[in-house]
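A.B. asks: start_4.cif is reproduced in full below (mmCIF, C-alpha atoms and all ligand atoms).
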data_work
#
loop_
_atom_site.label_atom_id
_atom_site.label_comp_id
_atom_site.auth_asym_id
_atom_site.auth_seq_id
_atom_site.Cartn_x
_atom_site.Cartn_y
_atom_site.Cartn_z
CA MET A 1 30.36 -142.87 67.43
CA THR A 2 31.10 -145.60 70.00
CA PRO A 3 30.56 -149.09 68.57
CA SER A 4 27.73 -151.09 70.20
CA PRO A 5 29.03 -153.78 72.59
CA VAL A 6 29.43 -157.32 71.28
CA VAL A 7 26.60 -159.64 72.36
CA ALA A 8 27.55 -163.32 72.74
CA ALA A 9 24.88 -165.81 71.69
CA ILE A 10 24.27 -169.55 71.89
CA THR A 11 23.63 -170.59 68.29
CA GLY A 12 23.91 -174.37 68.51
CA THR A 13 23.75 -177.24 70.96
CA GLY A 14 24.53 -180.93 70.54
CA LEU A 15 23.93 -184.13 72.47
CA TRP A 16 25.70 -187.48 72.35
CA ASN A 17 23.84 -190.32 74.08
CA ALA A 18 25.62 -193.30 75.63
CA PRO A 19 24.58 -196.61 73.98
CA ASP A 20 23.47 -198.67 77.01
CA VAL A 21 20.53 -198.23 79.39
CA ILE A 22 20.26 -199.48 82.98
CA THR A 23 16.80 -199.24 84.56
CA ASN A 24 16.38 -198.90 88.33
CA ASP A 25 15.05 -202.48 88.48
CA GLU A 26 18.17 -203.83 86.77
CA LEU A 27 20.49 -201.65 88.84
CA VAL A 28 18.95 -202.64 92.16
CA ALA A 29 18.89 -206.34 91.20
CA SER A 30 22.63 -206.35 90.50
CA PHE A 31 23.42 -204.21 93.57
CA ASN A 32 21.45 -206.56 95.81
CA GLU A 33 23.23 -209.57 94.31
CA TYR A 34 26.55 -207.85 95.14
CA VAL A 35 25.31 -207.26 98.73
CA GLU A 36 24.43 -210.94 99.10
CA LEU A 37 27.83 -212.03 97.78
CA GLU A 38 29.66 -209.63 100.12
CA ASN A 39 27.59 -210.58 103.17
CA THR A 40 28.20 -214.29 102.46
CA ARG A 41 31.92 -213.67 102.04
CA ASN A 42 32.01 -211.72 105.34
CA ALA A 43 29.53 -213.95 107.22
CA ALA A 44 31.97 -215.05 109.93
CA ALA A 45 33.18 -211.50 110.68
CA ILE A 46 29.57 -210.21 110.66
CA SER A 47 28.47 -212.89 113.15
CA ARG A 48 31.47 -212.04 115.41
CA GLY A 49 30.39 -208.38 115.30
CA GLU A 50 33.64 -207.39 113.55
CA ALA A 51 31.95 -206.32 110.28
CA VAL A 52 28.62 -204.74 109.46
CA ALA A 53 26.28 -206.49 107.00
CA LEU A 54 25.57 -204.45 103.86
CA GLU A 55 21.93 -203.42 103.35
CA PRO A 56 20.02 -203.87 100.09
CA SER A 57 18.91 -200.97 97.90
CA ASN A 58 15.38 -200.48 96.60
CA VAL A 59 13.70 -198.90 93.59
CA GLU A 60 10.96 -197.09 95.54
CA PHE A 61 13.56 -195.22 97.64
CA ILE A 62 15.54 -194.21 94.56
CA GLU A 63 12.53 -192.86 92.68
CA LYS A 64 11.08 -191.01 95.67
CA ALA A 65 14.37 -189.54 96.90
CA SER A 66 15.76 -188.52 93.50
CA GLY A 67 13.25 -188.79 90.63
CA ILE A 68 15.73 -190.96 88.68
CA ARG A 69 14.25 -193.91 86.74
CA GLN A 70 17.11 -195.02 84.52
CA ARG A 71 20.54 -193.94 83.25
CA TYR A 72 22.55 -194.28 80.02
CA VAL A 73 26.08 -195.68 80.33
CA LEU A 74 28.97 -196.45 78.00
CA ASP A 75 29.29 -200.02 79.28
CA ARG A 76 26.40 -201.75 80.99
CA ARG A 77 28.02 -205.19 81.22
CA GLY A 78 30.70 -204.25 83.75
CA VAL A 79 28.38 -202.12 85.89
CA VAL A 80 25.67 -204.75 86.40
CA ASP A 81 28.16 -207.57 86.96
CA PRO A 82 27.97 -208.01 90.79
CA THR A 83 31.55 -209.28 90.83
CA ARG A 84 32.88 -206.14 89.09
CA MET A 85 30.60 -203.09 89.66
CA ARG A 86 32.38 -200.74 87.23
CA PRO A 87 32.46 -200.39 83.43
CA TYR A 88 34.97 -202.13 81.18
CA PHE A 89 37.04 -199.71 79.08
CA ALA A 90 39.82 -201.06 76.86
CA PRO A 91 43.06 -199.09 77.10
CA ARG A 92 43.82 -197.29 73.83
CA PRO A 93 47.28 -196.68 72.36
CA ASN A 94 48.38 -193.04 72.10
CA GLU A 95 47.84 -193.16 68.31
CA GLU A 96 44.12 -193.85 68.80
CA MET A 97 41.52 -191.19 69.63
CA SER A 98 40.76 -190.94 73.37
CA LEU A 99 37.37 -192.21 74.54
CA GLN A 100 36.42 -188.81 75.97
CA VAL A 101 37.29 -187.06 72.69
CA GLU A 102 35.38 -189.67 70.69
CA ILE A 103 32.12 -188.90 72.51
CA ALA A 104 32.91 -185.16 72.48
CA LEU A 105 33.14 -185.30 68.66
CA GLY A 106 29.56 -186.60 68.36
CA ALA A 107 28.06 -183.77 70.44
CA ALA A 108 30.37 -181.11 68.91
CA ARG A 109 29.39 -182.00 65.32
CA ASP A 110 25.68 -181.80 66.26
CA ALA A 111 26.15 -178.35 67.80
CA LEU A 112 28.12 -177.10 64.77
CA ALA A 113 25.40 -178.35 62.41
CA MET A 114 22.71 -176.52 64.39
CA ALA A 115 24.76 -173.31 64.32
CA ARG A 116 25.51 -173.90 60.58
CA ARG A 117 29.19 -173.54 61.35
CA GLU A 118 32.18 -175.42 59.94
CA ALA A 119 34.75 -176.69 62.43
CA ALA A 120 37.25 -174.26 60.88
CA ASP A 121 35.05 -171.35 62.05
CA ILE A 122 35.70 -172.35 65.68
CA ASP A 123 38.82 -170.78 67.21
CA LEU A 124 38.28 -171.69 70.86
CA VAL A 125 37.52 -175.20 72.15
CA ILE A 126 36.86 -175.69 75.86
CA ILE A 127 36.36 -179.13 77.36
CA ALA A 128 34.45 -178.38 80.53
CA CYS A 129 33.56 -181.40 82.66
CA ALA A 130 33.91 -183.01 86.07
CA ASN A 131 36.66 -185.54 85.21
CA MET A 132 39.43 -185.51 82.62
CA GLN A 133 40.69 -188.77 81.19
CA ARG A 134 44.32 -187.68 81.60
CA ALA A 135 46.39 -184.80 82.92
CA TYR A 136 47.84 -183.65 79.58
CA PRO A 137 47.94 -182.89 76.71
CA ALA A 138 44.54 -181.22 77.20
CA MET A 139 41.56 -183.25 75.98
CA ALA A 140 40.35 -180.04 74.33
CA ILE A 141 43.49 -179.80 72.17
CA GLU A 142 42.96 -183.34 70.92
CA LEU A 143 39.32 -182.44 70.13
CA GLN A 144 40.43 -179.22 68.41
CA GLN A 145 42.64 -181.30 66.09
CA ALA A 146 40.06 -184.06 65.52
CA LEU A 147 37.47 -181.44 64.51
CA GLY A 148 39.81 -179.31 62.42
CA ALA A 149 39.18 -176.20 64.56
CA SER A 150 41.71 -173.36 64.72
CA GLY A 151 42.87 -171.03 67.50
CA TYR A 152 43.37 -172.42 70.99
CA ALA A 153 41.85 -174.98 73.34
CA TYR A 154 41.93 -175.82 77.03
CA ASP A 155 40.33 -178.05 79.67
CA MET A 156 38.56 -176.80 82.77
CA ASN A 157 36.86 -178.51 85.69
CA VAL A 158 34.36 -177.00 88.10
CA ALA A 159 32.57 -180.34 88.66
CA CYS A 160 28.81 -180.05 88.03
CA SER A 161 29.13 -176.38 87.10
CA SER A 162 31.83 -176.91 84.45
CA ALA A 163 29.53 -176.29 81.46
CA THR A 164 28.00 -173.01 82.69
CA PHE A 165 31.41 -171.76 83.86
CA GLY A 166 32.71 -172.73 80.40
CA ILE A 167 29.91 -170.78 78.70
CA GLU A 168 30.94 -167.68 80.67
CA GLN A 169 34.58 -168.13 79.57
CA ALA A 170 33.44 -168.52 75.96
CA ALA A 171 31.12 -165.47 76.14
CA ASN A 172 33.93 -163.39 77.69
CA ALA A 173 36.32 -164.43 74.91
CA ILE A 174 33.76 -163.44 72.24
CA ARG A 175 33.10 -160.09 73.93
CA ALA A 176 36.83 -159.40 74.38
CA GLY A 177 37.53 -160.31 70.75
CA THR A 178 39.98 -163.12 71.60
CA SER A 179 37.67 -165.62 69.89
CA ARG A 180 35.23 -165.41 66.95
CA ALA A 181 33.31 -168.60 67.73
CA ALA A 182 33.75 -171.01 70.64
CA LEU A 183 32.71 -174.55 71.44
CA VAL A 184 32.09 -175.68 75.04
CA VAL A 185 31.96 -179.49 75.26
CA SER A 186 31.12 -181.59 78.34
CA PRO A 187 31.96 -185.30 77.92
CA GLU A 188 30.77 -186.67 81.26
CA ILE A 189 31.86 -190.30 81.77
CA THR A 190 30.42 -190.37 85.28
CA SER A 191 30.17 -194.19 85.33
CA ALA A 192 33.96 -194.32 85.83
CA HIS A 193 33.98 -192.19 89.01
CA LEU A 194 30.78 -193.49 90.60
CA ASP A 195 31.15 -196.12 93.33
CA TRP A 196 28.49 -198.55 92.07
CA ARG A 197 28.99 -200.53 95.35
CA ASP A 198 27.80 -197.59 97.50
CA ARG A 199 24.11 -197.86 98.49
CA ASP A 200 23.79 -194.13 99.17
CA SER A 201 24.88 -193.06 95.69
CA HIS A 202 24.91 -196.07 93.30
CA PHE A 203 21.80 -194.81 91.47
CA ILE A 204 22.89 -191.21 90.97
CA PHE A 205 24.87 -190.86 87.74
CA GLY A 206 24.75 -191.53 83.99
CA ASP A 207 27.06 -190.92 80.99
CA VAL A 208 26.49 -188.33 78.25
CA CYS A 209 28.17 -185.55 76.26
CA THR A 210 26.81 -182.09 75.41
CA ALA A 211 28.24 -179.28 73.28
CA VAL A 212 27.38 -175.57 72.95
CA VAL A 213 28.43 -173.09 70.23
CA VAL A 214 28.90 -169.50 71.49
CA GLU A 215 29.58 -166.70 69.01
CA ASP A 216 29.05 -163.02 68.24
CA ALA A 217 25.26 -162.62 67.86
CA ALA A 218 25.68 -160.06 65.08
CA LYS A 219 27.68 -162.55 62.98
CA ALA A 220 25.57 -165.67 63.62
CA LYS A 221 24.55 -167.68 60.55
CA VAL A 222 21.27 -168.81 62.10
CA SER A 223 18.39 -166.47 62.95
CA GLU A 224 17.12 -168.79 65.70
CA ARG A 225 19.51 -168.17 68.61
CA PHE A 226 19.71 -167.32 72.32
CA ASP A 227 21.47 -164.07 73.17
CA ILE A 228 23.33 -164.20 76.48
CA LEU A 229 22.00 -161.35 78.65
CA GLY A 230 24.34 -162.16 81.53
CA THR A 231 26.33 -164.81 83.35
CA LYS A 232 26.93 -165.03 87.11
CA LEU A 233 29.19 -167.54 88.82
CA ALA A 234 29.78 -168.25 92.52
CA THR A 235 31.83 -170.72 94.58
CA LYS A 236 32.02 -171.61 98.28
CA PHE A 237 34.31 -174.35 99.61
CA SER A 238 32.65 -177.49 100.96
CA ASN A 239 33.78 -181.10 101.54
CA ASN A 240 30.22 -182.38 101.20
CA ILE A 241 30.81 -183.52 97.61
CA ARG A 242 34.34 -184.76 97.14
CA ASN A 243 36.55 -187.07 95.07
CA ASN A 244 40.14 -187.53 96.30
CA ALA A 245 41.55 -189.22 93.16
CA GLY A 246 44.60 -187.37 91.95
CA PHE A 247 48.20 -187.55 90.84
CA LEU A 248 49.57 -187.79 94.39
CA GLY A 249 47.80 -191.14 94.86
CA ARG A 250 50.75 -193.16 93.49
CA CYS A 251 53.04 -191.68 96.14
CA GLU A 252 50.41 -192.00 98.86
CA GLU A 253 50.03 -195.72 97.97
CA VAL A 254 46.22 -195.35 97.73
CA ASP A 255 43.90 -198.07 96.51
CA ARG A 256 42.33 -196.76 93.28
CA ASN A 257 39.06 -198.54 94.19
CA ALA A 258 38.88 -197.05 97.70
CA HIS A 259 35.61 -195.24 98.37
CA ASP A 260 37.22 -191.81 98.81
CA GLN A 261 38.94 -192.09 95.41
CA LEU A 262 35.47 -191.97 93.83
CA PHE A 263 32.44 -189.68 94.13
CA VAL A 264 31.43 -189.25 97.78
CA GLN A 265 28.73 -186.96 99.12
CA GLU A 266 26.67 -186.03 102.16
CA GLY A 267 23.51 -185.87 100.07
CA ARG A 268 21.21 -184.52 102.76
CA LYS A 269 23.63 -181.70 103.69
CA VAL A 270 24.13 -180.84 100.03
CA PHE A 271 20.38 -180.60 99.56
CA LYS A 272 19.94 -178.33 102.60
CA GLU A 273 22.90 -176.05 101.94
CA VAL A 274 22.84 -175.71 98.16
CA CYS A 275 19.10 -175.11 97.55
CA PRO A 276 18.92 -171.74 99.40
CA MET A 277 22.22 -170.65 97.81
CA VAL A 278 20.81 -171.33 94.34
CA VAL A 279 17.54 -169.49 95.04
CA GLU A 280 19.50 -166.44 96.21
CA HIS A 281 21.95 -166.69 93.30
CA ILE A 282 19.33 -166.89 90.54
CA GLY A 283 17.12 -164.28 92.26
CA GLY A 284 20.09 -161.91 92.67
CA HIS A 285 21.21 -162.38 89.07
CA LEU A 286 17.73 -161.71 87.69
CA THR A 287 17.42 -158.59 89.87
CA GLN A 288 20.76 -157.30 88.51
CA LEU A 289 19.38 -157.75 85.01
CA GLY A 290 16.04 -156.11 85.89
CA ILE A 291 14.10 -159.34 85.30
CA GLU A 292 11.31 -160.72 87.51
CA PRO A 293 11.57 -164.49 88.26
CA HIS A 294 7.89 -164.72 87.19
CA SER A 295 8.66 -163.35 83.75
CA VAL A 296 11.21 -166.11 83.02
CA ALA A 297 9.60 -168.44 80.50
CA ARG A 298 11.88 -171.42 81.15
CA TYR A 299 14.26 -172.65 83.85
CA TRP A 300 16.76 -175.23 82.58
CA LEU A 301 18.15 -176.30 85.95
CA HIS A 302 20.94 -178.68 86.94
CA GLN A 303 19.61 -182.23 86.95
CA ALA A 304 20.68 -183.95 90.18
CA ASN A 305 17.49 -184.32 92.14
CA LEU A 306 13.87 -183.61 91.23
CA ASN A 307 12.98 -182.49 94.76
CA MET A 308 15.85 -179.98 94.73
CA ASN A 309 14.62 -178.45 91.47
CA LEU A 310 11.04 -178.26 92.76
CA PHE A 311 12.25 -176.56 95.96
CA ILE A 312 14.26 -173.97 93.99
CA THR A 313 11.57 -173.09 91.45
CA ARG A 314 8.80 -173.00 94.07
CA LYS A 315 10.85 -170.51 96.13
CA LEU A 316 11.53 -168.37 93.06
CA LEU A 317 7.98 -168.44 91.71
CA GLY A 318 5.91 -169.06 94.83
CA ALA A 319 4.21 -171.95 93.01
CA ASP A 320 4.91 -175.23 91.26
CA PRO A 321 6.49 -174.39 87.87
CA GLY A 322 5.21 -177.44 85.97
CA PRO A 323 7.40 -179.58 83.70
CA GLU A 324 7.09 -177.23 80.71
CA ARG A 325 8.54 -174.25 82.58
CA ALA A 326 11.20 -176.23 84.45
CA PRO A 327 11.91 -179.27 82.25
CA VAL A 328 13.14 -182.50 83.83
CA ILE A 329 15.46 -184.93 82.07
CA LEU A 330 17.00 -186.64 85.11
CA ASP A 331 14.27 -189.31 85.13
CA GLU A 332 15.74 -190.57 81.84
CA TYR A 333 19.42 -189.54 82.15
CA ALA A 334 20.02 -189.46 85.96
CA ASN A 335 22.61 -186.91 87.13
CA THR A 336 25.02 -186.26 84.26
CA ALA A 337 27.21 -183.79 86.21
CA SER A 338 27.78 -180.55 84.26
CA ALA A 339 25.85 -181.72 81.19
CA GLY A 340 22.44 -181.89 82.94
CA SER A 341 21.21 -178.31 82.50
CA ILE A 342 22.54 -178.30 78.92
CA ILE A 343 20.59 -181.49 78.05
CA ALA A 344 17.48 -179.85 79.54
CA PHE A 345 18.13 -176.78 77.35
CA HIS A 346 18.91 -178.80 74.21
CA ARG A 347 15.81 -180.98 74.52
CA ASN A 348 13.36 -178.30 75.67
CA ARG A 349 13.90 -175.12 73.66
CA GLU A 350 10.75 -175.37 71.55
CA GLY A 351 7.61 -173.36 72.25
CA LEU A 352 9.44 -170.17 73.18
CA ALA A 353 8.59 -166.92 71.39
CA ALA A 354 11.06 -164.26 70.29
CA GLY A 355 11.97 -162.17 73.35
CA ASP A 356 11.26 -164.95 75.87
CA ILE A 357 13.77 -165.16 78.72
CA GLY A 358 15.33 -168.41 79.97
CA VAL A 359 17.71 -169.35 82.80
CA ILE A 360 20.32 -172.11 82.52
CA CYS A 361 21.64 -172.86 86.02
CA SER A 362 23.98 -175.53 87.36
CA PHE A 363 25.06 -176.30 90.92
CA GLY A 364 27.27 -178.90 92.54
CA ALA A 365 30.63 -179.72 94.05
CA GLY A 366 32.82 -176.87 95.18
CA TYR A 367 30.18 -175.71 95.99
CA SER A 368 29.76 -174.03 92.64
CA ILE A 369 26.81 -172.29 90.98
CA GLY A 370 26.70 -171.02 87.40
CA CYS A 371 23.78 -169.01 86.00
CA VAL A 372 23.38 -168.05 82.32
CA VAL A 373 20.40 -165.83 81.43
CA VAL A 374 19.40 -165.95 77.76
CA ARG A 375 16.84 -164.29 75.48
CA ARG A 376 15.30 -166.13 72.55
CA VAL A 377 15.85 -164.37 69.22
CA GLN A 378 14.06 -165.48 66.08
N1 LIG A 401 17.94 -197.85 99.07
C1 LIG A 401 17.17 -197.84 100.16
N2 LIG A 401 17.35 -197.00 101.19
C2 LIG A 401 18.40 -196.16 101.13
C3 LIG A 401 19.26 -196.12 100.02
C4 LIG A 401 19.00 -197.02 98.96
N3 LIG A 401 19.77 -197.03 97.87
N4 LIG A 401 20.20 -195.18 100.22
C5 LIG A 401 19.96 -194.63 101.43
N5 LIG A 401 18.86 -195.23 101.98
C6 LIG A 401 18.25 -194.96 103.29
C7 LIG A 401 19.25 -194.41 104.28
O1 LIG A 401 19.92 -195.46 104.93
C8 LIG A 401 18.35 -193.64 105.24
O2 LIG A 401 17.76 -194.54 106.13
P1 LIG A 401 17.45 -194.09 107.67
O3 LIG A 401 16.44 -192.98 107.57
O4 LIG A 401 16.92 -195.35 108.27
O5 LIG A 401 18.78 -193.63 108.22
C9 LIG A 401 17.24 -193.12 104.32
O6 LIG A 401 17.27 -193.93 103.15
C10 LIG A 401 17.40 -191.67 103.94
O7 LIG A 401 18.75 -191.45 103.47
P2 LIG A 401 19.26 -190.04 102.99
O8 LIG A 401 20.67 -190.18 102.51
O9 LIG A 401 18.97 -189.02 104.05
O10 LIG A 401 18.30 -189.82 101.73
P3 LIG A 401 17.87 -188.48 101.03
O11 LIG A 401 16.42 -188.36 101.14
O12 LIG A 401 18.71 -187.32 101.45
O13 LIG A 401 18.21 -188.80 99.50
C11 LIG A 401 19.88 -188.22 97.88
C12 LIG A 401 19.52 -189.07 99.10
C13 LIG A 401 21.33 -188.46 97.53
C14 LIG A 401 18.99 -188.68 96.72
C15 LIG A 401 19.60 -186.74 98.17
O14 LIG A 401 20.13 -186.37 99.41
C16 LIG A 401 20.19 -185.80 97.12
O15 LIG A 401 19.94 -185.94 95.93
N6 LIG A 401 20.93 -184.77 97.57
C17 LIG A 401 21.52 -183.77 96.72
C18 LIG A 401 22.60 -184.40 95.97
C19 LIG A 401 23.23 -183.51 94.97
O16 LIG A 401 22.62 -182.68 94.35
N7 LIG A 401 24.47 -183.72 94.78
C20 LIG A 401 25.18 -183.05 93.78
C21 LIG A 401 25.91 -184.11 93.09
S1 LIG A 401 26.66 -183.44 91.69
#
Hey, can you dump this file as structure tokens for me?

C.D. replies:
Amino acid sequence: MTPSPVVAAITGTGLWNAPDVITNDELVASFNEYVELENTRNAAAISRGEAVALEPSNVEFIEKASGIRQRYVLDRRGVVDPTRMRPYFAPRPNEEMSLQVEIALGAARDALAMARREAADIDLVIIACANMQRAYPAMAIELQQALGASGYAYDMNVACSSATFGIEQAANAIRAGTSRAALVVSPEITSAHLDWRDRDSHFIFGDVCTAVVVEDAAKAKVSERFDILGTKLATKFSNNIRNNAGFLGRCEEVDRNAHDQLFVQEGRKVFKEVCPMVVEHIGGHLTQLGIEPHSVARYWLHQANLNMNLFITRKLLGADPGPERAPVILDEYANTASAGSIIAFHRNREGLAAGDIGVICSFGAGYSIGCVVVRRVQ
């Protein structure tokens, strides 16, 4: 008799929240103070026509264009200081735990507790996020040791789709038998790669960390779990979201604070190009699995822009999904890169019955799209 195929399941999720909050009012007040300081400093060049005056930001634009109302950050003080406009992080000696691993530990322990797993049960740790604190050794290997996990660990980066791509790698490892139980952790310290001096994007990001436990459904310790029915990933090269920071910078004599060394995007183009790709991607994946978009009980979408999510779900369903069916967390968290759809999933998994289908979908730089279709099991 052929053995039945291994089904990978999500049995636990965890969330670490950054300690500080910045509301849109506070953010815009400090940005506009920075603009005044800069325009005063450059007044002579501006009046000679040699420099362009910076324009102020405003709360109404931010809320209408994005749906974002506030963000959590690791260090508020440095961000809202108009003479600094970036967080303060103290350098740590090699003997001390890295900042990214410290926040990863919080989310990882939460996820393990939900899955009723000990760290020693985990034999694959993936750190999947948009920016790594260093080149090597892998952040994931430091986390593996800090947790007391066994097996192997590695880092991966597919920008805003890192977490869903990581879930596919974990599910594949479970199905192939190279891992018994895996942890996918996304410590997103976006405040360090956001140009808080850039009017077009200063309101976009927030800090957070999420974690997901993926294991063999048949061996799960918890009855309440989400079986992974399928994963589908896609990428298409685009320069419309880009960050040029990298190890060649030292040789290229770049200024680490230069705009292109931080997050840069053509937001309008991203909106126009990515939305139809996501509709086609989710629709195509559901068709492959024999599932109607209408029969999906919950869409946990990437959290970059409320209007984007409304566009996508309206196209898929032909109607407004409502906040219960397509939960929104970006009003509170802003865009948290790859962690966004996982926060939405973690915070909005109640009210589903056994057998209900859900879609976790991320999209972002690359371009990259990652879709994970799950079924609630009780
Ligand atoms: N305050 C006030 N006005 C602002 C502003 C600010 N902070 N930033 C831009 N504006 C102005 C612009 O100057 C422009 O003015 P104009 O019409 O006189 O030229 C106007 O607002 C519209 O700018 P635009 O950039 O076209 O806004 P938008 O409606 O496209 O919204 C985003 C901007 C970034 C919110 C939106 O494009 C978006 O979210 N795109 C997708 C981003 C995404 O998902 N990225 C993935 C990242 S992981």

A.B. asks: If I put a ball of radius 9 Å at (22.6, -204.2, 103.3) in the file's coordinates, which residues poke into it when counting all atoms listed in the file, written as a tab-separated table (two decimals) with C-alpha atoms, in the frame of the given file?

C.D. replies:
chain	number	residue	atom	x	y	z
A	32	ASN	CA	21.45	-206.56	95.81
A	35	VAL	CA	25.31	-207.26	98.73
A	36	GLU	CA	24.43	-210.94	99.10
A	39	ASN	CA	27.59	-210.58	103.17
A	52	VAL	CA	28.62	-204.74	109.46
A	53	ALA	CA	26.28	-206.49	107.00
A	54	LEU	CA	25.57	-204.45	103.86
A	55	GLU	CA	21.93	-203.42	103.35
A	56	PRO	CA	20.02	-203.87	100.09
A	57	SER	CA	18.91	-200.97	97.90
A	199	ARG	CA	24.11	-197.86	98.49

A.B. asks: Given 8 Å of margin on each side, can you work out the centre and size in Å (one decimal) of an axis-aligned box holding every listed atom of ligand LIG 401 (chain A), as lines of an AutoDock Vina configuration file?

C.D. replies:
center_x = 21.5
center_y = -190.3
center_z = 100.0
size_x = 26.2
size_y = 31.2
size_z = 32.6

A.B. asks: Between A:Ala9, A:Leu124, A:Val377, A:Cys160, which is the closest to ligand LIG 401 (chain A) once you count all atoms listed in the file?

C.D. replies: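 Counting all atoms listed in the file, the residue closest to ligand LIG 401 (chain A) is A:Cys160.
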
A.B. asks: Can you tell me, as a VMD selection string, what residues are no more than 10 Å from Phe165 in chain A when counting only C-alpha atoms, ignoring any on the same chain fewer than 5 positions away?

C.D. replies: chain A and resid 128 to 129 156 to 160 170 to 171 184 231 to 234 338 362 368 to 372

A.B. asks: Just want the residues within 9 Å of ligand LIG 401 (chain A), written as an MDAnalysis selection string, counting all atoms listed in the file.

C.D. replies: chainID A and resid 28 55:68 159:161 198:205 240:241 263:272 274:275 302:308 335:338 363:365

A.B. asks: Quick one: write out the picked residues with C-alpha atoms as a PDB file, in the frame of the given file?

C.D. replies:
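Result file follows (part18.pdb):
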ATOM      1  CA  VAL A  28      18.950-202.640  92.160  1.00  0.00           C
ATOM      2  CA  GLU A  55      21.930-203.420 103.350  1.00  0.00           C
ATOM      3  CA  PRO A  56      20.020-203.870 100.090  1.00  0.00           C
ATOM      4  CA  SER A  57      18.910-200.970  97.900  1.00  0.00           C
ATOM      5  CA  ASN A  58      15.380-200.480  96.600  1.00  0.00           C
ATOM      6  CA  VAL A  59      13.700-198.900  93.590  1.00  0.00           C
ATOM      7  CA  GLU A  60      10.960-197.090  95.540  1.00  0.00           C
ATOM      8  CA  PHE A  61      13.560-195.220  97.640  1.00  0.00           C
ATOM      9  CA  ILE A  62      15.540-194.210  94.560  1.00  0.00           C
ATOM     10  CA  GLU A  63      12.530-192.860  92.680  1.00  0.00           C
ATOM     11  CA  LYS A  64      11.080-191.010  95.670  1.00  0.00           C
ATOM     12  CA  ALA A  65      14.370-189.540  96.900  1.00  0.00           C
ATOM     13  CA  SER A  66      15.760-188.520  93.500  1.00  0.00           C
ATOM     14  CA  GLY A  67      13.250-188.790  90.630  1.00  0.00           C
ATOM     15  CA  ILE A  68      15.730-190.960  88.680  1.00  0.00           C
ATOM     16  CA  ALA A 159      32.570-180.340  88.660  1.00  0.00           C
ATOM     17  CA  CYS A 160      28.810-180.050  88.030  1.00  0.00           C
ATOM     18  CA  SER A 161      29.130-176.380  87.100  1.00  0.00           C
ATOM     19  CA  ASP A 198      27.800-197.590  97.500  1.00  0.00           C
ATOM     20  CA  ARG A 199      24.110-197.860  98.490  1.00  0.00           C
ATOM     21  CA  ASP A 200      23.790-194.130  99.170  1.00  0.00           C
ATOM     22  CA  SER A 201      24.880-193.060  95.690  1.00  0.00           C
ATOM     23  CA  HIS A 202      24.910-196.070  93.300  1.00  0.00           C
ATOM     24  CA  PHE A 203      21.800-194.810  91.470  1.00  0.00           C
ATOM     25  CA  ILE A 204      22.890-191.210  90.970  1.00  0.00           C
ATOM     26  CA  PHE A 205      24.870-190.860  87.740  1.00  0.00           C
ATOM     27  CA  ASN A 240      30.220-182.380 101.200  1.00  0.00           C
ATOM     28  CA  ILE A 241      30.810-183.520  97.610  1.00  0.00           C
ATOM     29  CA  PHE A 263      32.440-189.680  94.130  1.00  0.00           C
ATOM     30  CA  VAL A 264      31.430-189.250  97.780  1.00  0.00           C
ATOM     31  CA  GLN A 265      28.730-186.960  99.120  1.00  0.00           C
ATOM     32  CA  GLU A 266      26.670-186.030 102.160  1.00  0.00           C
ATOM     33  CA  GLY A 267      23.510-185.870 100.070  1.00  0.00           C
ATOM     34  CA  ARG A 268      21.210-184.520 102.760  1.00  0.00           C
ATOM     35  CA  LYS A 269      23.630-181.700 103.690  1.00  0.00           C
ATOM     36  CA  VAL A 270      24.130-180.840 100.030  1.00  0.00           C
ATOM     37  CA  PHE A 271      20.380-180.600  99.560  1.00  0.00           C
ATOM     38  CA  LYS A 272      19.940-178.330 102.600  1.00  0.00           C
ATOM     39  CA  VAL A 274      22.840-175.710  98.160  1.00  0.00           C
ATOM     40  CA  CYS A 275      19.100-175.110  97.550  1.00  0.00           C
ATOM     41  CA  HIS A 302      20.940-178.680  86.940  1.00  0.00           C
ATOM     42  CA  GLN A 303      19.610-182.230  86.950  1.00  0.00           C
ATOM     43  CA  ALA A 304      20.680-183.950  90.180  1.00  0.00           C
ATOM     44  CA  ASN A 305      17.490-184.320  92.140  1.00  0.00           C
ATOM     45  CA  LEU A 306      13.870-183.610  91.230  1.00  0.00           C
ATOM     46  CA  ASN A 307      12.980-182.490  94.760  1.00  0.00           C
ATOM     47  CA  MET A 308      15.850-179.980  94.730  1.00  0.00           C
ATOM     48  CA  ASN A 335      22.610-186.910  87.130  1.00  0.00           C
ATOM     49  CA  THR A 336      25.020-186.260  84.260  1.00  0.00           C
ATOM     50  CA  ALA A 337      27.210-183.790  86.210  1.00  0.00           C
ATOM     51  CA  SER A 338      27.780-180.550  84.260  1.00  0.00           C
ATOM     52  CA  PHE A 363      25.060-176.300  90.920  1.00  0.00           C
ATOM     53  CA  GLY A 364      27.270-178.900  92.540  1.00  0.00           C
ATOM     54  CA  ALA A 365      30.630-179.720  94.050  1.00  0.00           C
TER      55      ALA A 365
END

A.B. asks: My list of candidates is A:Ala8, A:Ala138, A:Ile167, A:Ala90. Which is closest to Lys219 in chain A when distances are computed with all atoms listed in the file?

C.D. replies: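 Counting all atoms listed in the file, the residue closest to Lys219 in chain A is A:Ala8.
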
A.B. asks: Excluding Ala51 in chain A and residues on its chain fewer than 6 positions from it, collect all residues at most 10 Å away from it, counting only C-alpha atoms, and give them as a ChimeraX atom specification.

C.D. replies: /A:39,42-45

A.B. asks: When you count all atoms listed in the file, which of these residues is closest to Glu96 in chain A: A:Glu142, A:Arg109, A:His281, A:Asp20?

C.D. replies: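 For Glu96 in chain A, the nearest of the candidates is A:Glu142.
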